[in-house]
Structure formats: structure tokens, C-alpha cells
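*Asks:* PDB, C-alpha atoms, file entry_10.pdb:
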```
ATOM      1  CA  MET A   1     -42.512 -41.698 287.391
ATOM      2  CA  LYS A   2     -43.965 -44.169 284.895
ATOM      3  CA  LYS A   3     -43.561 -41.651 282.058
ATOM      4  CA  ALA A   4     -39.886 -41.140 282.898
ATOM      5  CA  ILE A   5     -39.238 -44.901 282.824
ATOM      6  CA  LYS A   6     -41.089 -45.280 279.514
ATOM      7  CA  TRP A   7     -39.103 -42.410 277.942
ATOM      8  CA  GLY A   8     -35.860 -43.835 279.277
ATOM      9  CA  LEU A   9     -36.617 -47.266 277.820
ATOM     10  CA  LEU A  10     -37.693 -45.726 274.502
ATOM     11  CA  VAL A  11     -34.496 -43.661 274.207
ATOM     12  CA  THR A  12     -32.356 -46.676 275.147
ATOM     13  CA  ALA A  13     -34.130 -48.844 272.534
ATOM     14  CA  ALA A  14     -33.742 -46.161 269.845
ATOM     15  CA  VAL A  15     -30.013 -45.698 270.556
ATOM     16  CA  SER A  16     -29.454 -49.476 270.579
ATOM     17  CA  LEU A  17     -31.300 -49.880 267.273
ATOM     18  CA  ASN A  18     -29.337 -47.015 265.715
ATOM     19  CA  LEU A  19     -26.023 -48.537 266.814
ATOM     20  CA  ALA A  20     -27.038 -51.947 265.447
ATOM     21  CA  ILE A  21     -27.947 -50.439 262.058
ATOM     22  CA  ASP A  22     -24.676 -48.465 261.869
ATOM     23  CA  THR A  23     -22.483 -51.485 262.671
ATOM     24  CA  THR A  24     -24.184 -53.702 260.087
ATOM     25  CA  ALA A  25     -23.894 -50.988 257.416
ATOM     26  CA  ASN A  26     -20.168 -50.620 258.048
ATOM     27  CA  ALA A  27     -19.570 -54.372 258.194
ATOM     28  CA  ALA A  28     -21.273 -54.914 254.822
ATOM     29  CA  THR A  29     -18.795 -52.798 252.851
ATOM     30  CA  TYR A  30     -16.056 -55.478 252.759
ATOM     31  CA  HIS A  31     -17.137 -58.998 251.870
ATOM     32  CA  LYS A  32     -16.096 -62.230 250.199
ATOM     33  CA  GLY A  33     -16.918 -62.495 246.494
ATOM     34  CA  THR A  34     -17.799 -59.948 243.849
ATOM     35  CA  PRO A  35     -20.601 -57.352 244.017
ATOM     36  CA  THR A  36     -23.821 -58.374 242.253
ATOM     37  CA  ALA A  37     -23.729 -55.184 240.152
ATOM     38  CA  VAL A  38     -20.678 -56.416 238.200
ATOM     39  CA  ARG A  39     -21.564 -60.101 237.788
ATOM     40  CA  GLY A  40     -22.285 -61.545 234.349
ATOM     41  CA  TRP A  41     -20.686 -61.736 230.901
ATOM     42  CA  TRP A  42     -18.807 -58.661 229.653
ATOM     43  CA  ARG A  43     -16.929 -57.857 226.423
ATOM     44  CA  THR A  44     -14.814 -54.988 225.150
ATOM     45  CA  LYS A  45     -15.446 -53.085 221.937
ATOM     46  CA  MET A  46     -15.530 -55.386 218.911
ATOM     47  CA  LYS A  47     -13.144 -55.191 215.992
ATOM     48  CA  LYS A  48     -13.754 -56.798 212.586
ATOM     49  CA  VAL A  49     -10.664 -58.647 211.319
ATOM     50  CA  HIS A  50     -10.511 -59.661 207.630
ATOM     51  CA  TYR A  51      -8.437 -62.680 206.731
ATOM     52  CA  GLY A  52      -8.937 -62.910 202.943
ATOM     53  CA  HIS A  53     -11.525 -63.997 200.343
ATOM     54  CA  GLY A  54     -14.232 -61.903 201.986
ATOM     55  CA  LYS A  55     -14.023 -63.822 205.257
ATOM     56  CA  TYR A  56     -13.745 -62.105 208.597
ATOM     57  CA  LEU A  57     -13.906 -62.634 212.358
ATOM     58  CA  TRP A  58     -14.931 -60.397 215.233
ATOM     59  CA  THR A  59     -12.327 -60.037 217.963
ATOM     60  CA  TYR A  60     -12.862 -58.730 221.492
ATOM     61  CA  THR A  61     -11.832 -59.468 225.064
ATOM     62  CA  THR A  62     -14.307 -61.296 227.304
ATOM     63  CA  MET A  63     -14.775 -61.450 231.053
ATOM     64  CA  HIS A  64     -17.170 -63.663 233.024
ATOM     65  CA  VAL A  65     -17.695 -62.483 236.593
ATOM     66  CA  THR A  66     -19.322 -64.836 239.113
ATOM     67  CA  LYS A  67     -19.437 -64.579 242.900
ATOM     68  CA  ASN A  68     -16.210 -66.533 243.488
ATOM     69  CA  ARG A  69     -14.373 -66.327 240.163
ATOM     70  CA  ILE A  70     -13.481 -64.025 237.282
ATOM     71  CA  SER A  71     -12.507 -65.732 234.041
ATOM     72  CA  GLY A  72     -12.101 -64.638 230.466
ATOM     73  CA  ALA A  73      -9.988 -64.442 227.361
ATOM     74  CA  PHE A  74      -7.716 -61.682 226.099
ATOM     75  CA  GLY A  75      -9.264 -61.950 222.625
ATOM     76  CA  THR A  76     -11.247 -64.263 220.390
ATOM     77  CA  GLN A  77      -9.598 -67.707 220.358
ATOM     78  CA  SER A  78      -6.809 -66.612 222.703
ATOM     79  CA  ASP A  79      -5.387 -67.626 226.060
ATOM     80  CA  HIS A  80      -7.730 -67.751 229.010
ATOM     81  CA  TYR A  81      -7.203 -66.383 232.500
ATOM     82  CA  GLU A  82      -8.858 -67.062 235.846
ATOM     83  CA  ILE A  83      -8.905 -65.159 239.122
ATOM     84  CA  LYS A  84      -9.983 -66.789 242.407
ATOM     85  CA  LYS A  85     -10.002 -66.028 246.151
ATOM     86  CA  LEU A  86     -11.989 -62.873 245.509
ATOM     87  CA  TYR A  87     -12.830 -60.189 248.059
ATOM     88  CA  SER A  88     -14.509 -56.884 247.318
ATOM     89  CA  TYR A  89     -14.676 -53.533 249.033
ATOM     90  CA  THR A  90     -17.255 -50.819 248.389
ATOM     91  CA  ALA A  91     -15.073 -47.790 247.805
ATOM     92  CA  SER A  92     -17.949 -45.374 247.136
ATOM     93  CA  LYS A  93     -21.669 -46.082 247.428
ATOM     94  CA  LYS A  94     -22.478 -42.690 245.892
ATOM     95  CA  ASN A  95     -20.396 -43.339 242.746
ATOM     96  CA  ASN A  96     -21.040 -47.115 242.702
ATOM     97  CA  LEU A  97     -17.301 -47.917 242.795
ATOM     98  CA  PHE A  98     -15.943 -51.288 243.939
ATOM     99  CA  ILE A  99     -12.425 -52.583 244.532
ATOM    100  CA  VAL A 100     -11.941 -56.321 243.904
ATOM    101  CA  ASP A 101      -8.829 -58.200 244.952
ATOM    102  CA  GLY A 102      -7.917 -61.812 244.334
ATOM    103  CA  THR A 103      -5.259 -64.137 242.939
ATOM    104  CA  TYR A 104      -4.483 -65.126 239.341
ATOM    105  CA  THR A 105      -4.478 -68.943 239.191
ATOM    106  CA  LEU A 106      -1.466 -69.018 236.863
ATOM    107  CA  GLY A 107       1.571 -67.758 238.727
ATOM    108  CA  ASN A 108      -0.355 -66.979 241.943
ATOM    109  CA  THR A 109       0.099 -63.230 241.473
ATOM    110  CA  ASP A 110      -2.057 -60.606 243.168
ATOM    111  CA  TYR A 111      -4.997 -59.007 241.368
ATOM    112  CA  PHE A 112      -6.367 -55.559 242.239
ATOM    113  CA  GLU A 113      -9.052 -54.032 240.030
ATOM    114  CA  ALA A 114     -11.499 -51.138 240.345
ATOM    115  CA  PHE A 115     -14.996 -51.781 238.946
ATOM    116  CA  HIS A 116     -17.337 -48.890 238.126
ATOM    117  CA  PRO A 117     -20.745 -49.883 236.686
ATOM    118  CA  LEU A 118     -21.951 -46.960 234.561
ATOM    119  CA  SER A 119     -25.294 -48.643 233.804
ATOM    120  CA  LYS A 120     -26.738 -52.161 233.680
ATOM    121  CA  LYS A 121     -25.082 -52.706 230.291
ATOM    122  CA  LYS A 122     -21.820 -50.753 230.631
ATOM    123  CA  LEU A 123     -18.876 -51.181 233.022
ATOM    124  CA  GLU A 124     -15.472 -49.548 233.428
ATOM    125  CA  THR A 125     -12.481 -51.302 234.995
ATOM    126  CA  ALA A 126      -8.973 -50.189 235.831
ATOM    127  CA  SER A 127      -6.026 -52.041 237.294
ATOM    128  CA  ILE A 128      -4.842 -50.493 240.551
ATOM    129  CA  ASN A 129      -1.883 -51.040 242.848
ATOM    130  CA  SER A 130      -2.104 -51.914 246.544
ATOM    131  CA  LYS A 131      -2.209 -48.190 247.436
ATOM    132  CA  GLY A 132      -5.353 -47.649 245.308
ATOM    133  CA  ILE A 133      -3.686 -45.730 242.466
ATOM    134  CA  ILE A 134      -4.641 -46.596 238.858
ATOM    135  CA  ASP A 135      -1.751 -48.457 237.185
ATOM    136  CA  GLY A 136      -2.898 -48.789 233.611
ATOM    137  CA  THR A 137      -5.623 -48.214 231.077
ATOM    138  CA  ILE A 138      -9.288 -47.776 231.923
ATOM    139  CA  TYR A 139     -11.306 -50.357 229.966
ATOM    140  CA  THR A 140     -14.947 -50.087 228.947
ATOM    141  CA  TRP A 141     -16.968 -53.323 228.948
ATOM    142  CA  TYR A 142     -20.379 -54.075 227.461
ATOM    143  CA  LYS A 143     -22.852 -56.678 228.736
ATOM    144  CA  PHE A 144     -23.599 -59.665 226.485
ATOM    145  CA  SER A 145     -25.055 -63.171 226.763
ATOM    146  CA  GLY A 146     -21.760 -65.082 226.755
ATOM    147  CA  LYS A 147     -22.692 -66.753 223.458
ATOM    148  CA  ALA A 148     -21.231 -66.034 220.045
ATOM    149  CA  SER A 149     -21.565 -67.182 216.444
ATOM    150  CA  SER A 150     -19.498 -70.292 215.721
ATOM    151  CA  LYS A 151     -18.449 -68.911 212.305
ATOM    152  CA  THR A 152     -17.667 -65.235 212.889
ATOM    153  CA  PHE A 153     -17.574 -65.093 216.724
ATOM    154  CA  TYR A 154     -20.106 -62.246 216.671
ATOM    155  CA  PRO A 155     -21.454 -61.926 220.270
ATOM    156  CA  TYR A 156     -25.170 -62.316 220.926
ATOM    157  CA  ASN A 157     -26.977 -59.996 223.319
TER     158      ASN A 157
END
```
For this file, write the structure as C-alpha cells.

*Replies:*
Amino acid sequence: MKKAIKWGLLVTAAVSLNLAIDTTANAATYHKGTPTAVRGWWRTKMKKVHYGHGKYLWTYTTMHVTKNRISGAFGTQSDHYEIKKLYSYTASKKNNLFIVDGTYTLGNTDYFEAFHPLSKKKLETASINSKGIIDGTIYTWYKFSGKASSKTFYPYN
């Protein structure tokens, strides 16, 4: 009789623990803020622009991703943008794919973007619509320090 009670309690404890683990795993897929895998300073491919007399500048788009905000510039010395009220959804753990939604601060328009970290130093993003279909171009971003030369705007790693 004692063995039957022990086995019954053990099975009940195992099932309860399994259910608790499953519910926390499912609840963790949608959360406030951005995933840690995509946080940091990112830039697109650089382009050297000559403006006469042997002088030049480097131009590229930047993006700074923090937990509660995405900000950046569309090019060197260009207009800035900011996205707040961020939520993220893990679309695929196997492929490391995240969907981030938020609101542009200028105009209060919706923001939906897919983030796919290819490595610690390379990231792909694509704008998507509310149905999850890619709307535009897929961009490749490269990690950098967020600092650049004051003369040529060359980014430091």
C-alpha cells in the first residue's frame, strides 16, 4: 500500500512539474521589449562618398536597439527616427527569428519588423505587415561600437 501511494505522489509531482515547465516556456515567447540577441549598435554596408579635393565621407544607416527603444539614422548626418512601445514575439527558436512591433514616435504609425540574427556580428531585418508577410527589402546589418570618426564618419568596431 505504501509503495502505491509513493508512486502515485511521484507521478503526480512529475506531471505537475512538466505542466509548470510547459506553461512557462509558452508564456516566455511573447514579451515586452526587444530580444537580447538583437540589442546593440548596428550599421548597414558602408559607402565611400567623395566630395572633391580628395576629401570623402563614409555613409551608412545606423540602428541602436535597446530593451525599450530602437533609434537610428537613415544615413550619415541625416534625419533620425525612434520607435517605442516595443513588444517582441519569438517566431522560431530553431531559426532564431523574432518579430518586433512598436510605434514610430513621429506620426504614431505602427512598426512591424522581423529580426534574424545570423551571428553575433551580423543581423538581417525585413519590414513585415500585420499578417506576417515581408513588405520590402531585407537589410543586412553589421555590429559596431556606435562610435565613428569625427572627420570621415568611419565607424569603429

*Asks:* Convert the output of the PyMOL selection byres ((chain A and resi 139) around 6) on the shown file into explicit residues, formatted as a ChimeraX atom specification.

*Replies:* /A:124-125,138,140

*Asks:* Using C-alpha atoms, can you export the residues from the last selection as a PDB file, keeping the file's coordinate frame?

*Replies:*
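Below is the file that was written, again-v9.pdb:
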```
ATOM      1  CA  GLU A 124     -15.472 -49.548 233.428  1.00  0.00           C
ATOM      2  CA  THR A 125     -12.481 -51.302 234.995  1.00  0.00           C
ATOM      3  CA  ILE A 138      -9.288 -47.776 231.923  1.00  0.00           C
ATOM      4  CA  THR A 140     -14.947 -50.087 228.947  1.00  0.00           C
TER       5      THR A 140
END
```

*Asks:* Using all atoms listed in the file, which of A:Thr44, A:Thr105, A:Ser119, A:Ser149 sits nearest Ile70 in chain A?

*Replies:*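 Residue with the minimum atom-to-atom distance to Ile70 in chain A: A:Thr105.
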
*Asks:* Which residues match the PyMOL selection byres ((chain A and resi 89-99) around 7) in the file above, as an mmCIF file with C-alpha atoms, in the frame of the given file?

*Replies:*
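Result went into part27.cif, see below:
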```cif
data_model
loop_
_atom_site.group_PDB
_atom_site.id
_atom_site.type_symbol
_atom_site.label_atom_id
_atom_site.label_comp_id
_atom_site.auth_asym_id
_atom_site.auth_seq_id
_atom_site.Cartn_x
_atom_site.Cartn_y
_atom_site.Cartn_z
ATOM 1 C CA THR A 29 -18.795 -52.798 252.851
ATOM 2 C CA TYR A 30 -16.056 -55.478 252.759
ATOM 3 C CA HIS A 31 -17.137 -58.998 251.870
ATOM 4 C CA TYR A 87 -12.830 -60.189 248.059
ATOM 5 C CA SER A 88 -14.509 -56.884 247.318
ATOM 6 C CA VAL A 100 -11.941 -56.321 243.904
ATOM 7 C CA ASP A 101 -8.829 -58.200 244.952
ATOM 8 C CA GLU A 113 -9.052 -54.032 240.030
ATOM 9 C CA ALA A 114 -11.499 -51.138 240.345
ATOM 10 C CA PHE A 115 -14.996 -51.781 238.946
ATOM 11 C CA HIS A 116 -17.337 -48.890 238.126
ATOM 12 C CA PRO A 117 -20.745 -49.883 236.686
#
```

*Asks:* For the structure shown, which residues end up in the PyMOL selection byres ((chain A and resi 75) around 12)? Put them as a list of chain:residue names, please?

*Replies:*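 With the shown file as input, the PyMOL selection byres ((chain A and resi 75) around 12) matches A:Arg43, A:Thr44, A:Lys45, A:Met46, A:Lys47, A:Val49, A:Leu57, A:Trp58, A:Thr59, A:Tyr60, A:Thr61, A:Thr62, A:Met63, A:Gly72, A:Ala73, A:Phe74, A:Thr76, A:Gln77, A:Ser78, A:Asp79, A:His80, A:Tyr81, A:Phe153.
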
*Asks:* In Å, with one decimal, what is the gap from CA of Tyr104 in chain A to CA of Ile83 in chain A?

*Replies:*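 Computing it gives 4.4 Å between the two atoms.
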
*Asks:* Taking all atoms of range 95-100 of chain A that the file lists, what box with edges along x, y and z, padded by 6 Å per side, do you get, with centre and edge lengths in Å to one decimal, as JSON?

*Replies:*
```
{"center_x": -16.5, "center_y": -49.8, "center_z": 243.6, "size_x": 21.1, "size_y": 25.0, "size_z": 13.8}
```

*Asks:* Counting all atoms listed in the file, which residue out of A:Pro155, A:Gly107, A:Pro35, A:Gly54 sits closest to Tyr142 in chain A?

*Replies:*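 So, comparing all the options, the nearest one is A:Pro155.
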